[in-house]
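Report on one structure; see the data block that follows.
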2 protein chains.
Amino acid sequence: MSYQYNYPHPAVTTDVVLFGLIDECLKVLLVRRARPPFANHWALPGGFLDIDEDLEDCALRELEEETGVSGVYLEQLYTFGKPGRDPRERVISVAYYALVPATDIEIRAASDARAVRWFAYRDLPELAFDHVDIIHKAQQRVSSKLDYSTIALKFMPEKFTLGELQSVYECILDERLDKRNFRKRLRTYDCLTDTGEVRRNGGHRPARLYRAKSPDTVQIVK
Amino acid sequence: MSYQYNYPHPAVTTDVVLFGLIDECLKVLLVRRARPPFANHWALPGGFLDIDEDLEDCALRELEEETGVSGVYLEQLYTFGKPGRDPRERVISVAYYALVPATDIEIRAASDARAVRWFAYRDLPELAFDHVDIIHKAQQRVSSKLDYSTIALKFMPEKFTLGELQSVYECILDERLDKRNFRKRLRTYDCLTDTGEVRRNGGHRPARLYRAKSPDTVQIVK
DNA sequence: CTACTTAGTGTAAAACTTACACTTAAACAT
DNA sequence: ATGTTTAAGTGTAAGTTTTACACTAAGTAG
């Protein structure tokens, strides 16, 4: 089968920067490429757009196919399209990012990717294409969104403690926060409900467990 | 000439939302489409990406070809790609926006656009494709950037008064601002230099003329 | 020379942000 | 059982930022 056009057309792909927090450390989910170009290099999950497929659906599908991760909430990040970024042909890549509660996520190596792994954001391997730029831009976006939205809740499992949530902020912003000020701020956002439960977690007072009031929406605050 | 691919490829276009302020009113530059689809409808300037052309260069080139406007500072807005948004074929459009000092700008109707005109943002005609969505998203972006950057200076000619700059903010935010607080805020941004000149402008005290300290960069403040 | 118009300026109250320290409740060691 | 260790949980005072607000200055027009 072959498709013809009167003018040359670029290829369009989507790529997904999936962030998770594991061991108090910001991680990115990468797949190892099975084929050239950049065979055996690590890369963002992503791939070519089907001709009748919405961009976001493409991102979700490729993520699912290559990593087994599904049902995440994506936001469009930026579109990367410099000529030469893919040696095969001109490729325009619409990048998305997502935040997941890493411990909830089941990953698997799927058909067209030899392996799937979390990498520390601060210790990335050599990456295919311009994916390192995409990841840096996504990290910046997430950092700045922490400050004016409730996006951090996307990292959390269904129930979590305030200490855990604070440590999410601290990992991404890479600075320590004051516990009382942090809690005061969350109170003004009014984005949590107390489940009434507690978590017993070692030799100290148990922490209350909270749940996001609206886990499906990212609220803009300030 | 014909180009063949093993898989169907979407077309890629860029569109530009060019904002200007005329008569204390936010305007958008539109071109009237000469051919189908949407012949005679107004649309954003934009068009198909050349296969070796950078996305931003494409946006600048199309803007120049269709309106005669050149040398503006573009920022990428969002990529629109819903299937069906163009009846001819699948089209992914990377949208950009720019702000210009409207009075400085020379517009002309060029080859493949029958006419070029400023339209009030609050009184847009019926638009081709999903261009109305693109314009609204651009307006939101500009509004929110007013609050944390010096992007408003992009609307200003080389020399301008503080009253003129304030009225730019007021038009876009659609609210009145306090003159003293506005000036205090600008002082903290430290983005203006006093030219020493004044503008005599009717039956009242002349206003000092200022110039942007770094007219080529948009400074992020706060 | 009077009336009118926009330019230009400071201060006090309110709101928000920051810095900071002790008590509580569990686990663990003795 | 008792004391020690650990993280959880809580309020207040100082500092900073934001807001509200009114008069004088320097021109033009009649």
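To be explicit about the labels: the chains of the structure tokens are called A, B, and onward in the order shown, and within each one the residues are counted from 1, while ligands get numbers from 1 in the order they are shown.
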Give as number ranges by chain every residue of chain B that touches chain C within 10 Å, counting only C-alpha atoms (C1' of nucleotides). B: 161-163, 179-180, 183, 201-208
Given the selection you just returned, output its residues as a file containing N, CA and C atoms, formatted as an mmCIF file, in the first residue's frame.
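Saved result, out32.cif, follows:
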data_model
loop_
_atom_site.group_PDB
_atom_site.id
_atom_site.type_symbol
_atom_site.label_atom_id
_atom_site.label_comp_id
_atom_site.auth_asym_id
_atom_site.auth_seq_id
_atom_site.Cartn_x
_atom_site.Cartn_y
_atom_site.Cartn_z
ATOM 1 N N THR B 161 3.921 56.398 26.385
ATOM 2 C CA THR B 161 3.703 56.969 27.715
ATOM 3 C C THR B 161 3.172 55.881 28.644
ATOM 4 N N LEU B 162 3.293 56.157 29.931
ATOM 5 C CA LEU B 162 2.779 55.191 30.911
ATOM 6 C C LEU B 162 1.264 55.052 30.804
ATOM 7 N N GLY B 163 0.603 56.147 30.451
ATOM 8 C CA GLY B 163 -0.852 56.088 30.265
ATOM 9 C C GLY B 163 -1.222 55.137 29.140
ATOM 10 N N LYS B 179 -3.914 53.905 38.776
ATOM 11 C CA LYS B 179 -2.749 54.481 38.133
ATOM 12 C C LYS B 179 -1.490 54.389 38.992
ATOM 13 N N ARG B 180 -1.628 54.722 40.285
ATOM 14 C CA ARG B 180 -0.429 54.714 41.129
ATOM 15 C C ARG B 180 0.096 53.309 41.374
ATOM 16 N N ARG B 183 1.884 52.055 38.237
ATOM 17 C CA ARG B 183 3.229 52.610 38.040
ATOM 18 C C ARG B 183 4.229 52.036 39.035
ATOM 19 N N ASN B 201 -0.089 66.423 23.803
ATOM 20 C CA ASN B 201 -1.120 65.526 23.293
ATOM 21 C C ASN B 201 -2.513 66.001 23.687
ATOM 22 N N GLY B 202 -2.803 67.294 23.537
ATOM 23 C CA GLY B 202 -4.132 67.769 23.901
ATOM 24 C C GLY B 202 -4.064 68.687 25.103
ATOM 25 N N GLY B 203 -5.216 69.030 25.600
ATOM 26 C CA GLY B 203 -5.313 70.080 26.601
ATOM 27 C C GLY B 203 -4.923 69.672 27.997
ATOM 28 N N HIS B 204 -3.718 69.208 28.146
ATOM 29 C CA HIS B 204 -3.294 68.805 29.485
ATOM 30 C C HIS B 204 -1.777 68.674 29.553
ATOM 31 N N ARG B 205 -1.306 68.402 30.756
ATOM 32 C CA ARG B 205 0.124 68.223 31.006
ATOM 33 C C ARG B 205 0.706 67.150 30.078
ATOM 34 N N PRO B 206 1.863 67.409 29.488
ATOM 35 C CA PRO B 206 2.467 66.418 28.589
ATOM 36 C C PRO B 206 2.987 65.216 29.370
ATOM 37 N N ALA B 207 2.978 64.072 28.706
ATOM 38 C CA ALA B 207 3.408 62.837 29.366
ATOM 39 C C ALA B 207 4.840 62.518 28.966
ATOM 40 N N ARG B 208 5.608 61.995 29.938
ATOM 41 C CA ARG B 208 6.958 61.525 29.624
ATOM 42 C C ARG B 208 6.875 60.342 28.681
#
Neighbours of Leu192 of chain B within 7 Å (only C-alpha atoms (C1' of nucleotides); same-chain residues fewer than 5 positions away dropped), as a VMD selection string? chain B and resid 210 to 213
Fewer than 3 positions away in the same chain doesn't count, so skip those; otherwise give me all residues within 6 Å of segment 5-17 of chain B, counting only C-alpha atoms (C1' of nucleotides), as JSON, numbers by chain. {"A": [2, 3, 9, 11], "B": [45, 46, 47, 48, 49, 59, 90, 91, 92, 93, 94, 95, 96, 97]}
Output file for the residues above (N, CA and C atoms, as a short mmCIF file (atom, residue, chain, number, x, y, z; two decimals), in the first residue's frame):
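Generated output (result_33.cif):
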data_model
loop_
_atom_site.label_atom_id
_atom_site.label_comp_id
_atom_site.auth_asym_id
_atom_site.auth_seq_id
_atom_site.Cartn_x
_atom_site.Cartn_y
_atom_site.Cartn_z
N SER A 2 0.44 2.26 -0.71
CA SER A 2 1.24 3.48 -0.77
C SER A 2 0.31 4.69 -0.86
N TYR A 3 0.76 5.76 -0.30
CA TYR A 3 -0.07 6.96 -0.22
C TYR A 3 0.64 8.10 -0.92
N HIS A 9 4.79 15.59 2.65
CA HIS A 9 4.17 15.74 3.97
C HIS A 9 5.13 15.24 5.03
N ALA A 11 5.96 13.53 8.71
CA ALA A 11 5.28 12.59 9.60
C ALA A 11 4.94 13.31 10.89
N PRO B 45 -3.95 34.08 9.32
CA PRO B 45 -2.88 33.87 8.35
C PRO B 45 -2.12 32.59 8.73
N GLY B 46 -1.77 31.83 7.71
CA GLY B 46 -1.07 30.58 7.98
C GLY B 46 -1.09 29.71 6.75
N GLY B 47 -0.37 28.61 6.81
CA GLY B 47 -0.38 27.72 5.66
C GLY B 47 0.55 26.54 5.86
N PHE B 48 0.75 25.82 4.79
CA PHE B 48 1.43 24.53 4.88
C PHE B 48 2.93 24.67 5.12
N LEU B 49 3.42 23.78 5.91
CA LEU B 49 4.84 23.72 6.24
C LEU B 49 5.63 23.19 5.06
N ALA B 59 5.64 29.85 10.11
CA ALA B 59 4.65 30.81 10.61
C ALA B 59 5.02 32.22 10.16
N ARG B 90 -6.42 15.38 6.51
CA ARG B 90 -6.07 15.53 7.91
C ARG B 90 -5.01 16.61 8.05
N VAL B 91 -5.27 17.60 8.87
CA VAL B 91 -4.33 18.70 9.03
C VAL B 91 -4.04 18.93 10.51
N ILE B 92 -2.76 18.94 10.82
CA ILE B 92 -2.29 19.30 12.16
C ILE B 92 -1.78 20.72 12.08
N SER B 93 -2.32 21.60 12.90
CA SER B 93 -1.90 22.99 12.83
C SER B 93 -1.20 23.42 14.12
N VAL B 94 0.03 23.87 13.95
CA VAL B 94 0.78 24.39 15.08
C VAL B 94 0.53 25.89 15.14
N ALA B 95 -0.14 26.33 16.18
CA ALA B 95 -0.53 27.75 16.26
C ALA B 95 0.50 28.56 17.04
N TYR B 96 0.76 29.75 16.55
CA TYR B 96 1.64 30.73 17.20
C TYR B 96 0.85 31.99 17.48
N TYR B 97 1.36 32.80 18.40
CA TYR B 97 0.74 34.11 18.56
C TYR B 97 1.84 35.15 18.66
#
Residue set, chain A restricted to helix (DSSP H, G or I), as a ChimeraX atom specification: /A:55-67,102-104,121-123,131-148,151-155,162-173,179-189
Can you pull out every residue within 12 Å of Gln166 of chain B, counting only C-alpha atoms (C1' of nucleotides), but drop anything in the same chain fewer than 4 positions away, and send it as a PDB file with N, CA, C and O atoms, in the first residue's frame?
ATOM      1  N   GLU B  24      -7.843  51.707  21.558  1.00  0.00           N
ATOM      2  CA  GLU B  24      -8.112  51.106  22.869  1.00  0.00           C
ATOM      3  C   GLU B  24      -8.929  49.826  22.759  1.00  0.00           C
ATOM      4  O   GLU B  24      -9.825  49.579  23.566  1.00  0.00           O
ATOM      5  N   LEU B 146       0.193  38.643  30.826  1.00  0.00           N
ATOM      6  CA  LEU B 146       0.277  40.030  31.290  1.00  0.00           C
ATOM      7  C   LEU B 146       0.639  40.075  32.760  1.00  0.00           C
ATOM      8  O   LEU B 146       1.324  40.977  33.219  1.00  0.00           O
ATOM      9  N   ALA B 152       3.346  42.812  27.603  1.00  0.00           N
ATOM     10  CA  ALA B 152       2.567  43.955  27.126  1.00  0.00           C
ATOM     11  C   ALA B 152       3.427  44.927  26.319  1.00  0.00           C
ATOM     12  O   ALA B 152       2.930  45.608  25.417  1.00  0.00           O
ATOM     13  N   LEU B 153       4.722  44.971  26.635  1.00  0.00           N
ATOM     14  CA  LEU B 153       5.606  45.898  25.913  1.00  0.00           C
ATOM     15  C   LEU B 153       5.657  45.584  24.432  1.00  0.00           C
ATOM     16  O   LEU B 153       5.974  46.452  23.612  1.00  0.00           O
ATOM     17  N   PHE B 155       3.270  45.255  22.563  1.00  0.00           N
ATOM     18  CA  PHE B 155       2.228  46.034  21.881  1.00  0.00           C
ATOM     19  C   PHE B 155       2.667  47.465  21.617  1.00  0.00           C
ATOM     20  O   PHE B 155       2.005  48.182  20.882  1.00  0.00           O
ATOM     21  N   MET B 156       3.763  47.882  22.273  1.00  0.00           N
ATOM     22  CA  MET B 156       4.093  49.301  22.272  1.00  0.00           C
ATOM     23  C   MET B 156       5.056  49.662  21.140  1.00  0.00           C
ATOM     24  O   MET B 156       5.948  48.894  20.792  1.00  0.00           O
ATOM     25  N   PHE B 160       6.647  55.423  24.211  1.00  0.00           N
ATOM     26  CA  PHE B 160       5.249  55.423  24.628  1.00  0.00           C
ATOM     27  C   PHE B 160       5.126  56.028  26.019  1.00  0.00           C
ATOM     28  O   PHE B 160       6.108  56.118  26.756  1.00  0.00           O
ATOM     29  N   THR B 161       3.921  56.398  26.385  1.00  0.00           N
ATOM     30  CA  THR B 161       3.703  56.969  27.715  1.00  0.00           C
ATOM     31  C   THR B 161       3.172  55.881  28.644  1.00  0.00           C
ATOM     32  O   THR B 161       2.661  54.851  28.195  1.00  0.00           O
ATOM     33  N   LEU B 162       3.293  56.157  29.931  1.00  0.00           N
ATOM     34  CA  LEU B 162       2.779  55.191  30.911  1.00  0.00           C
ATOM     35  C   LEU B 162       1.264  55.052  30.804  1.00  0.00           C
ATOM     36  O   LEU B 162       0.710  53.979  31.024  1.00  0.00           O
ATOM     37  N   GLU B 170      -5.422  47.563  30.448  1.00  0.00           N
ATOM     38  CA  GLU B 170      -6.852  47.663  30.715  1.00  0.00           C
ATOM     39  C   GLU B 170      -7.684  47.049  29.602  1.00  0.00           C
ATOM     40  O   GLU B 170      -8.702  46.409  29.853  1.00  0.00           O
ATOM     41  N   CYS B 171      -7.247  47.225  28.368  1.00  0.00           N
ATOM     42  CA  CYS B 171      -7.986  46.649  27.232  1.00  0.00           C
ATOM     43  C   CYS B 171      -7.990  45.128  27.289  1.00  0.00           C
ATOM     44  O   CYS B 171      -9.015  44.490  27.069  1.00  0.00           O
ATOM     45  N   ILE B 172      -6.826  44.561  27.536  1.00  0.00           N
ATOM     46  CA  ILE B 172      -6.733  43.114  27.458  1.00  0.00           C
ATOM     47  C   ILE B 172      -7.374  42.452  28.660  1.00  0.00           C
ATOM     48  O   ILE B 172      -8.082  41.458  28.529  1.00  0.00           O
ATOM     49  N   LEU B 173      -7.145  43.031  29.830  1.00  0.00           N
ATOM     50  CA  LEU B 173      -7.737  42.435  31.029  1.00  0.00           C
ATOM     51  C   LEU B 173      -9.209  42.820  31.152  1.00  0.00           C
ATOM     52  O   LEU B 173      -9.947  42.236  31.937  1.00  0.00           O
ATOM     53  N   ASP B 174      -9.608  43.844  30.413  1.00  0.00           N
ATOM     54  CA  ASP B 174     -10.979  44.328  30.436  1.00  0.00           C
ATOM     55  C   ASP B 174     -11.383  44.778  31.842  1.00  0.00           C
ATOM     56  O   ASP B 174     -12.466  44.457  32.317  1.00  0.00           O
ATOM     57  N   GLU B 175     -10.475  45.480  32.505  1.00  0.00           N
ATOM     58  CA  GLU B 175     -10.809  46.089  33.792  1.00  0.00           C
ATOM     59  C   GLU B 175      -9.938  47.325  33.993  1.00  0.00           C
ATOM     60  O   GLU B 175      -8.860  47.427  33.426  1.00  0.00           O
ATOM     61  N   ARG B 176     -10.406  48.258  34.806  1.00  0.00           N
ATOM     62  CA  ARG B 176      -9.654  49.465  35.079  1.00  0.00           C
ATOM     63  C   ARG B 176      -8.618  49.209  36.167  1.00  0.00           C
ATOM     64  O   ARG B 176      -8.893  48.473  37.128  1.00  0.00           O
ATOM     65  N   LEU B 177      -7.473  49.824  36.016  1.00  0.00           N
ATOM     66  CA  LEU B 177      -6.420  49.653  37.006  1.00  0.00           C
ATOM     67  C   LEU B 177      -6.152  50.984  37.709  1.00  0.00           C
ATOM     68  O   LEU B 177      -6.415  52.059  37.153  1.00  0.00           O
ATOM     69  N   ASP B 178      -5.612  50.889  38.892  1.00  0.00           N
ATOM     70  CA  ASP B 178      -5.248  52.083  39.638  1.00  0.00           C
ATOM     71  C   ASP B 178      -3.923  52.617  39.115  1.00  0.00           C
ATOM     72  O   ASP B 178      -2.920  51.892  39.042  1.00  0.00           O
ATOM     73  N   LYS B 179      -3.914  53.905  38.776  1.00  0.00           N
ATOM     74  CA  LYS B 179      -2.749  54.481  38.133  1.00  0.00           C
ATOM     75  C   LYS B 179      -1.490  54.389  38.992  1.00  0.00           C
ATOM     76  O   LYS B 179      -0.424  54.002  38.521  1.00  0.00           O
ATOM     77  N   ARG B 180      -1.628  54.722  40.285  1.00  0.00           N
ATOM     78  CA  ARG B 180      -0.429  54.714  41.129  1.00  0.00           C
ATOM     79  C   ARG B 180       0.096  53.309  41.374  1.00  0.00           C
ATOM     80  O   ARG B 180       1.297  53.056  41.357  1.00  0.00           O
ATOM     81  N   ASN B 181      -0.815  52.376  41.584  1.00  0.00           N
ATOM     82  CA  ASN B 181      -0.370  50.995  41.796  1.00  0.00           C
ATOM     83  C   ASN B 181       0.253  50.419  40.532  1.00  0.00           C
ATOM     84  O   ASN B 181       1.253  49.710  40.587  1.00  0.00           O
ATOM     85  N   PHE B 182      -0.322  50.765  39.395  1.00  0.00           N
ATOM     86  CA  PHE B 182       0.228  50.312  38.119  1.00  0.00           C
ATOM     87  C   PHE B 182       1.668  50.793  37.942  1.00  0.00           C
ATOM     88  O   PHE B 182       2.556  50.027  37.581  1.00  0.00           O
ATOM     89  N   ARG B 183       1.884  52.055  38.237  1.00  0.00           N
ATOM     90  CA  ARG B 183       3.229  52.610  38.040  1.00  0.00           C
ATOM     91  C   ARG B 183       4.229  52.036  39.035  1.00  0.00           C
ATOM     92  O   ARG B 183       5.397  51.809  38.702  1.00  0.00           O
ATOM     93  N   LYS B 184       3.755  51.823  40.250  1.00  0.00           N
ATOM     94  CA  LYS B 184       4.624  51.229  41.269  1.00  0.00           C
ATOM     95  C   LYS B 184       5.086  49.843  40.798  1.00  0.00           C
ATOM     96  O   LYS B 184       6.267  49.497  40.873  1.00  0.00           O
ATOM     97  N   ARG B 185       4.150  49.056  40.287  1.00  0.00           N
ATOM     98  CA  ARG B 185       4.460  47.710  39.822  1.00  0.00           C
ATOM     99  C   ARG B 185       5.493  47.751  38.700  1.00  0.00           C
ATOM    100  O   ARG B 185       6.477  47.014  38.718  1.00  0.00           O
ATOM    101  N   LEU B 186       5.295  48.629  37.737  1.00  0.00           N
ATOM    102  CA  LEU B 186       6.260  48.751  36.639  1.00  0.00           C
ATOM    103  C   LEU B 186       7.640  49.110  37.159  1.00  0.00           C
ATOM    104  O   LEU B 186       8.649  48.605  36.668  1.00  0.00           O
TER     105      LEU B 186
END
Interatomic distance between atom CA of Leu127 of chain B and atom CA of Leu30 of chain B? 9.1 Å
Please determine the contact residues of chain D with respect to chain B at a cut-off of 12 Å, counting only C-alpha atoms (C1' of nucleotides), and supply them as JSON, numbers by chain. {"D": [17, 18, 19, 20, 21, 22, 24, 25, 26, 27, 28, 29, 30]}
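Here the strand (DSSP E) residues in segment 91-198 of chain B, by DSSP on the backbone, are B:Val91, B:Ile92, B:Ser93, B:Val94, B:Ala95, B:Tyr96, B:Tyr97, B:Ala98, B:Leu99, B:Val100, B:Ala113, B:Arg114, B:Ala115, B:Val116, B:Arg117, B:Trp118, B:Phe119, B:Ala120, B:Leu192, B:Thr193, B:Asp194, B:Thr195, B:Gly196, B:Glu197, B:Val198.
The interatomic distance for the pair atom CA of Glu89 of chain A and atom CA of Ala128 of chain A works out to 14.9 Å.
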Any idea what's packed within 6 Å of segment 218-222 of chain B, counting only C-alpha atoms (C1' of nucleotides), ignoring anything in its chain fewer than 3 positions away? Could you give it as a PDB file with all heavy atoms, in the first residue's frame?
ATOM      1  N   TYR B 148       2.395  37.964  34.629  1.00  0.00           N
ATOM      2  CA  TYR B 148       3.689  37.510  35.148  1.00  0.00           C
ATOM      3  C   TYR B 148       4.832  37.719  34.159  1.00  0.00           C
ATOM      4  O   TYR B 148       5.863  37.069  34.239  1.00  0.00           O
ATOM      5  CB  TYR B 148       3.611  36.037  35.590  1.00  0.00           C
ATOM      6  CG  TYR B 148       3.362  35.037  34.494  1.00  0.00           C
ATOM      7  CD1 TYR B 148       4.437  34.451  33.825  1.00  0.00           C
ATOM      8  CD2 TYR B 148       2.080  34.683  34.113  1.00  0.00           C
ATOM      9  CE1 TYR B 148       4.222  33.528  32.806  1.00  0.00           C
ATOM     10  CE2 TYR B 148       1.856  33.761  33.107  1.00  0.00           C
ATOM     11  CZ  TYR B 148       2.926  33.183  32.461  1.00  0.00           C
ATOM     12  OH  TYR B 148       2.717  32.282  31.455  1.00  0.00           O
ATOM     13  N   SER B 149       4.637  38.629  33.200  1.00  0.00           N
ATOM     14  CA  SER B 149       5.728  38.937  32.288  1.00  0.00           C
ATOM     15  C   SER B 149       5.564  40.354  31.767  1.00  0.00           C
ATOM     16  O   SER B 149       4.557  41.011  32.012  1.00  0.00           O
ATOM     17  CB  SER B 149       5.736  37.964  31.112  1.00  0.00           C
ATOM     18  OG  SER B 149       4.761  38.338  30.156  1.00  0.00           O
ATOM     19  N   THR B 150       6.566  40.789  31.015  1.00  0.00           N
ATOM     20  CA  THR B 150       6.494  42.127  30.428  1.00  0.00           C
ATOM     21  C   THR B 150       6.012  42.046  28.984  1.00  0.00           C
ATOM     22  O   THR B 150       6.353  42.889  28.149  1.00  0.00           O
ATOM     23  CB  THR B 150       7.878  42.795  30.477  1.00  0.00           C
ATOM     24  OG1 THR B 150       8.799  41.956  29.771  1.00  0.00           O
ATOM     25  CG2 THR B 150       8.358  42.963  31.894  1.00  0.00           C
ATOM     26  N   ILE B 151       5.183  41.055  28.688  1.00  0.00           N
ATOM     27  CA  ILE B 151       4.746  40.835  27.303  1.00  0.00           C
ATOM     28  C   ILE B 151       3.988  42.033  26.736  1.00  0.00           C
ATOM     29  O   ILE B 151       4.004  42.258  25.525  1.00  0.00           O
ATOM     30  CB  ILE B 151       3.916  39.541  27.204  1.00  0.00           C
ATOM     31  CG1 ILE B 151       3.850  39.067  25.761  1.00  0.00           C
ATOM     32  CG2 ILE B 151       2.532  39.714  27.781  1.00  0.00           C
ATOM     33  CD1 ILE B 151       3.219  37.700  25.593  1.00  0.00           C
TER      34      ILE B 151
END
